[in-house]
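Right, one structure below, let's go through it.
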Amino acid sequence: MTSEEATAPQQQYTHSLKLEETAKGLRISVHVYANDRDTAVEEAFRTYNLAKLNCKERDILMAPMSLS
């Protein structure tokens with residue numbers, strides 16, 4: 001094993017989803033790890049839309065998006 005291999009983090013998962021409850025509703029954060037940008041963007045939107053759809057199906061209020 002080289003020193004580069006020893007220090008490189010082992011990527012076990014490709015997706016991360018965080019659901020944060022706020023006073024105004026649920027907030028969704030998505031992180032995707034991919035080898036190319038197009039795949040990362042596509043997977044991020046797919047994951048976000050699936051989480052958002054699940055919120056609607058479960059009658060969970062989502063926090064409004066802030067326009068900064």
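Chains: A, B, ... in order of the structure tokens. Residues: from 1 per chain. Ligands: from 1, in order shown.
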Among region 3-66 of chain A, which ones does DSSP place in alpha helix (DSSP H), written as number ranges by chain? A: 3-7, 37-57
Run DSSP on the backbone and grab whatever in chain A lands in strand (DSSP E or B); send it over as a list of chain:residue names.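 So, restricting chain A to strand (DSSP E or B), we get A:His15, A:Ser16, A:Leu17, A:Lys18, A:Leu19, A:Glu20, A:Glu21, A:Thr22, A:Gly25, A:Leu26, A:Arg27, A:Ile28, A:Ser29, A:Val30, A:His31, A:Val32, A:Met62.
The space separating CA of Ala44 (chain A) from CA of Met65 (chain A) comes to 17.0 Å.
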One-decimal distance in Å that lies between CA of Thr22 (chain A) and CA of Ala63 (chain A):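 Distance between the two atoms: 7.2 Å.
With CA of Ala40 (chain A) on one side and CA of Asn54 (chain A) on the other, the separation reads 21.1 Å.
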Find, counting only C-alpha atoms, the residue in A:Val30, A:Met62, A:Leu67, A:Glu20 that gets nearest to Phe45 (chain A).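 Result for the nearest residue to Phe45 (chain A): A:Val30.
Considering only C-alpha atoms, the residue among A:Arg46, A:Thr39, A:Cys55, A:Val32 positioned nearest to Leu19 (chain A) is A:Cys55.
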Top pick for closest residue to Ser29 (chain A), considering A:Leu53, A:Ser66, A:Leu61, A:Tyr48 and counting only C-alpha atoms: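 Result for the nearest residue to Ser29 (chain A): A:Tyr48.
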Shortest interatomic distance to Tyr33 (chain A) - which of A:Glu57, A:Lys18, A:Pro64, A:Gln12, counting only C-alpha atoms: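 Among the listed residues, the smallest separation from Tyr33 (chain A) belongs to A:Gln12.
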